[in-house]
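Chemist: File work10.cif below, mmCIF, C-alpha atoms:
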```cif
data_work
loop_
_atom_site.label_atom_id
_atom_site.label_comp_id
_atom_site.auth_asym_id
_atom_site.auth_seq_id
_atom_site.Cartn_x
_atom_site.Cartn_y
_atom_site.Cartn_z
CA MET A 1 7.48 -16.54 -3.31
CA SER A 2 6.77 -13.94 -5.98
CA THR A 3 7.78 -10.31 -6.19
CA VAL A 4 5.94 -7.32 -7.63
CA ARG A 5 7.63 -3.95 -8.17
CA GLU A 6 5.81 -0.92 -9.53
CA SER A 7 6.26 2.86 -9.43
CA VAL A 8 4.16 5.88 -10.23
CA GLU A 9 4.86 9.60 -10.33
CA VAL A 10 2.13 11.63 -8.66
CA GLY A 11 1.54 15.34 -9.14
CA VAL A 12 1.58 16.31 -5.47
CA PRO A 13 4.38 17.21 -3.04
CA LEU A 14 6.12 14.38 -1.21
CA ARG A 15 4.47 15.16 2.14
CA THR A 16 1.00 15.06 0.59
CA ALA A 17 1.61 11.68 -1.08
CA TYR A 18 3.09 10.19 2.09
CA ASP A 19 0.39 11.59 4.37
CA GLN A 20 -2.39 10.15 2.20
CA TRP A 21 -0.72 6.74 2.08
CA THR A 22 -0.77 6.63 5.91
CA GLN A 23 -4.58 6.71 5.77
CA PHE A 24 -4.89 2.94 5.47
CA THR A 25 -8.66 2.90 6.00
CA GLU A 26 -8.99 4.81 2.70
CA PHE A 27 -7.22 2.10 0.65
CA PRO A 28 -10.52 0.59 -0.60
CA ARG A 29 -11.12 3.87 -2.46
CA PHE A 30 -8.24 3.13 -4.85
CA MET A 31 -7.14 -0.49 -4.31
CA GLU A 32 -9.08 -2.99 -6.36
CA GLY A 33 -10.22 -5.98 -4.33
CA VAL A 34 -9.66 -4.34 -0.95
CA ASP A 35 -13.04 -4.33 0.79
CA GLN A 36 -11.99 -2.88 4.13
CA VAL A 37 -8.95 -1.94 6.19
CA ILE A 38 -9.41 -1.47 9.92
CA GLN A 39 -6.58 0.29 11.69
CA VAL A 40 -6.23 -1.50 15.01
CA ASP A 41 -3.44 0.72 16.35
CA ASP A 42 -0.43 2.64 15.01
CA ARG A 43 1.31 -0.59 13.99
CA HIS A 44 -1.48 -3.07 13.13
CA ASN A 45 -4.22 -3.28 10.47
CA HIS A 46 -6.90 -5.86 9.70
CA TRP A 47 -7.68 -6.38 6.00
CA ALA A 48 -10.67 -7.86 4.17
CA THR A 49 -10.17 -8.53 0.45
CA SER A 50 -12.11 -10.11 -2.38
CA ILE A 51 -9.90 -11.04 -5.31
CA ALA A 52 -10.91 -13.36 -8.14
CA GLY A 53 -13.97 -14.41 -6.15
CA VAL A 54 -11.90 -15.40 -3.10
CA HIS A 55 -12.58 -13.56 0.18
CA ARG A 56 -9.66 -13.36 2.58
CA GLU A 57 -9.04 -11.66 5.91
CA PHE A 58 -5.61 -11.10 7.36
CA ASP A 59 -3.63 -8.90 9.72
CA THR A 60 -0.56 -6.83 8.97
CA GLU A 61 2.09 -5.22 11.11
CA ILE A 62 4.06 -2.14 10.13
CA VAL A 63 7.67 -3.00 10.86
CA ASP A 64 9.33 0.24 9.72
CA GLN A 65 7.83 3.64 9.09
CA LEU A 66 9.85 6.80 8.56
CA PRO A 67 7.81 9.89 7.63
CA ASP A 68 8.20 11.06 4.04
CA GLU A 69 10.51 8.11 3.22
CA ARG A 70 9.06 4.61 3.71
CA ILE A 71 6.53 2.22 5.17
CA ALA A 72 7.35 -1.49 5.44
CA TRP A 73 4.88 -4.17 6.52
CA ARG A 74 4.33 -7.90 6.81
CA THR A 75 1.37 -10.14 7.38
CA THR A 76 1.03 -11.64 10.85
CA SER A 77 -2.07 -13.84 10.55
CA GLY A 78 -4.63 -15.11 8.08
CA ASP A 79 -4.42 -16.87 4.72
CA VAL A 80 -2.20 -14.25 3.08
CA ARG A 81 1.60 -14.31 3.30
CA GLN A 82 3.28 -11.12 2.16
CA GLN A 83 5.67 -8.38 3.04
CA GLY A 84 6.18 -5.10 1.34
CA LEU A 85 7.78 -1.70 1.20
CA VAL A 86 6.50 1.57 -0.19
CA THR A 87 8.98 4.41 -0.60
CA PHE A 88 8.50 8.05 -1.50
CA GLU A 89 11.03 10.09 -3.48
CA PRO A 90 10.76 13.78 -4.35
CA VAL A 91 10.95 14.42 -8.09
CA ASP A 92 10.62 18.16 -7.57
CA GLU A 93 8.59 20.39 -5.23
CA ARG A 94 5.26 19.32 -6.80
CA HIS A 95 5.89 15.71 -7.86
CA THR A 96 6.68 12.50 -5.99
CA ARG A 97 7.67 9.03 -7.12
CA VAL A 98 5.89 6.28 -5.17
CA ASN A 99 7.68 2.92 -5.36
CA LEU A 100 5.97 -0.25 -4.19
CA ALA A 101 7.64 -3.65 -3.78
CA MET A 102 5.81 -6.70 -2.45
CA VAL A 103 6.90 -10.27 -1.86
CA PHE A 104 4.03 -12.72 -1.51
CA GLU A 105 3.24 -16.38 -1.53
CA PRO A 106 0.27 -17.18 -3.78
CA SER A 107 -2.10 -19.66 -2.16
CA GLY A 108 -4.79 -21.53 -3.99
CA MET A 109 -5.18 -22.20 -7.68
CA ALA A 110 -6.71 -18.79 -8.54
CA GLU A 111 -3.85 -16.82 -6.95
CA LYS A 112 -1.19 -19.05 -8.49
CA ALA A 113 -2.77 -18.64 -11.92
CA ALA A 114 -3.06 -14.87 -11.42
CA ASP A 115 0.61 -14.74 -10.47
CA MET A 116 1.70 -16.79 -13.49
CA THR A 117 -0.30 -14.68 -15.95
CA GLY A 118 0.86 -11.32 -14.57
CA THR A 119 -2.59 -10.42 -13.24
CA LEU A 120 -1.19 -9.48 -9.82
CA ASP A 121 1.43 -7.19 -11.39
CA ARG A 122 -1.30 -5.46 -13.40
CA ARG A 123 -3.47 -5.13 -10.29
CA VAL A 124 -0.69 -3.41 -8.34
CA LYS A 125 0.04 -1.13 -11.31
CA GLY A 126 -3.67 -0.29 -11.48
CA ASP A 127 -3.80 0.40 -7.74
CA LEU A 128 -0.91 2.85 -8.03
CA ARG A 129 -2.55 4.52 -11.03
CA ARG A 130 -5.79 4.87 -9.04
CA PHE A 131 -3.82 6.28 -6.08
CA LYS A 132 -2.34 8.85 -8.47
CA ASP A 133 -5.80 9.83 -9.74
CA PHE A 134 -7.21 9.89 -6.20
CA ILE A 135 -4.53 12.14 -4.66
CA GLU A 136 -4.19 14.42 -7.69
CA ARG A 137 -7.96 15.05 -7.76
CA ARG A 138 -7.93 15.89 -4.05
CA GLY A 139 -4.70 17.86 -4.13
CA GLU A 140 -4.28 17.34 -0.40
CA ALA A 141 -4.21 14.42 2.02
CA GLU A 142 -7.31 13.47 3.98
CA GLY A 143 -5.19 13.08 7.10
CA ALA A 144 -1.73 12.14 8.23
CA TRP A 145 0.17 10.05 10.70
CA ARG A 146 3.69 11.35 11.11
CA GLY A 147 4.91 8.91 13.77
CA ARG A 148 8.05 6.79 13.57
CA ILE A 149 7.96 3.02 13.86
CA SER A 150 11.43 1.56 14.17
CA PRO A 151 12.36 -1.94 13.03
CA GLY A 152 12.91 -4.55 15.70
#
```
The structure given in the file should be rewritten as structure tokens.
Modeler:
Amino acid sequence: MSTVRESVEVGVPLRTAYDQWTQFTEFPRFMEGVDQVIQVDDRHNHWATSIAGVHREFDTEIVDQLPDERIAWRTTSGDVRQQGLVTFEPVDERHTRVNLAMVFEPSGMAEKAADMTGTLDRRVKGDLRRFKDFIERRGEAEGAWRGRISPG
């Protein structure tokens, strides 16, 4: 298993950053290699990705979601094995720190090579940078889901 940890400070209030992150179907607009995210229900998403020429589809389950604080997920099916946590911290009234931590198991030669060379770390850093650009340009979230999903 490998771990990636990255953070970015975005120039929007905490609620705006959190609300935009809950719009999973919009992830392809700022996440490189994410072709599509289909939100099945409040807890489940289906992902289609194309990374390093490898197309994968997998399902995720949100295992913990507390508005304005965190969203934790894990994969439940498909070729991808990962779990992650994104947290949101107020810096001040107009800035938020977004922290992302993912644990994943690279499968296949391309993913193992990308992990060893730091390509996956750079991809996550780039995704957070693109999220920053995306939300700062908009200045407001495209939607929001403020529900609570409790662990267990």
Chemist: Name the residues that the PyMOL selection byres ((chain A and resi 127-134) around 12) picks from the file above, as a PyMOL selection string, using the file's chain letters and numbers.
Modeler: chain A and resi 5-12+16-18+20-21+23+26-34+86+95-101+120-126+135-142
Chemist: Env of A:Pro13: 9 Å cut, atoms = all atoms listed in the file, seq-sep filter 6 positions within chain, self excluded. Answer as a list in words.
Modeler: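 Using all atoms listed in the file, the neighbours found are Pro90, Val91, Asp92, Glu93, Arg94, His95 and Thr96 of chain A.
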Chemist: Quick one: apply the PyMOL selection byres ((chain A and resi 51) around 12) to the file and drop the selected residues here as a list in words.
Modeler: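 This file, filtered by the PyMOL selection byres ((chain A and resi 51) around 12), leaves Met31, Glu32, Gly33, Val34, Asp35, Ala48, Thr49, Ser50, Ala52, Gly53, Val54, His55, Arg56, Glu57, Val80, Pro106, Gly108, Ala110, Glu111, Ala114, Thr119, Leu120 and Arg123 of chain A.
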Chemist: Counting only C-alpha atoms, which residue out of A:Glu89, A:Phe24, A:Phe104, A:Val4 sits closest to A:Ile62?
Modeler: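 Smallest distance to A:Ile62 is found for A:Phe24.
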Chemist: Tell me which protein, DNA and RNA residues are within 8 Å of A:Ser150, counting all atoms listed in the file, leaving out same-chain ones fewer than 2 positions away, and put them as an MDAnalysis selection string.
Modeler: chainID A and resid 63:66 148 152
Chemist: Emit the selected residues as a compact mmCIF listing (two decimals), in the coordinates of the input, including C-alpha atoms.
Modeler:
```
# COMPACT_ATOMS: atom_id res chain seq x y z
CA VAL A 63 7.67 -3.00 10.86
CA ASP A 64 9.33 0.24 9.72
CA GLN A 65 7.83 3.64 9.09
CA LEU A 66 9.85 6.80 8.56
CA ARG A 148 8.05 6.79 13.57
CA GLY A 152 12.91 -4.55 15.70
```
Chemist: Measure the distance from atom CA of A:Leu14 to atom CA of A:Glu69 in Å and round it to one decimal.
Modeler: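 Distance between the two atoms: 8.8 Å.
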Chemist: May I ask for the distance between atom CA of A:His46 and atom CA of A:Thr25, given in Å to one decimal place?
Modeler: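 Taking atom CA of A:His46 as the start and atom CA of A:Thr25 as the end point, the length is 9.7 Å.
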Chemist: Could you jot down the atom CA of A:Gly143 to atom CA of A:Asp19 separation for me, Å, one decimal place?
Modeler: 6.4 Å
Chemist: Please put the answer as JSON: centre and edge lengths, in Å with one decimal, of a box along x, y and z that encloses all listed atoms of stretch 62-77 of chain A plus 5 Å on each side.
Modeler:
```
{"center_x": 4.2, "center_y": -1.4, "center_z": 7.0, "size_x": 22.6, "size_y": 34.9, "size_z": 17.6}
```
Chemist: Which residue out of A:Thr87, A:Thr117, A:Ser2, A:Gln36 has the minimum interatomic distance to A:Pro67 when only C-alpha atoms are used?
Modeler: A:Thr87
Chemist: Please list as a list in words every residue within 7 Å of A:Asp79, counting all atoms listed in the file and excluding residues in the same chain fewer than 2 positions away.
Modeler: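 Surrounding residues, per the criterion: Arg56, Phe58, Ser77 and Arg81 of chain A.
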Chemist: As a check of understanding, name the residues that the PyMOL selection byres ((chain A and resi 44) around 8) selects in the supplied structure, as a list in words.
Modeler: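 Against this file, the PyMOL selection byres ((chain A and resi 44) around 8) returns the residues Gln39, Val40, Asp41, Asp42, Arg43, Asn45, His46, Asp59, Thr60, Glu61 and Ile62 of chain A.
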Chemist: Between A:Met1, A:Val37, A:Ser107, A:Phe88, which is the closest to A:Asp68 once you count all atoms listed in the file?
Modeler: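 So, comparing all the options, the nearest one is A:Phe88.
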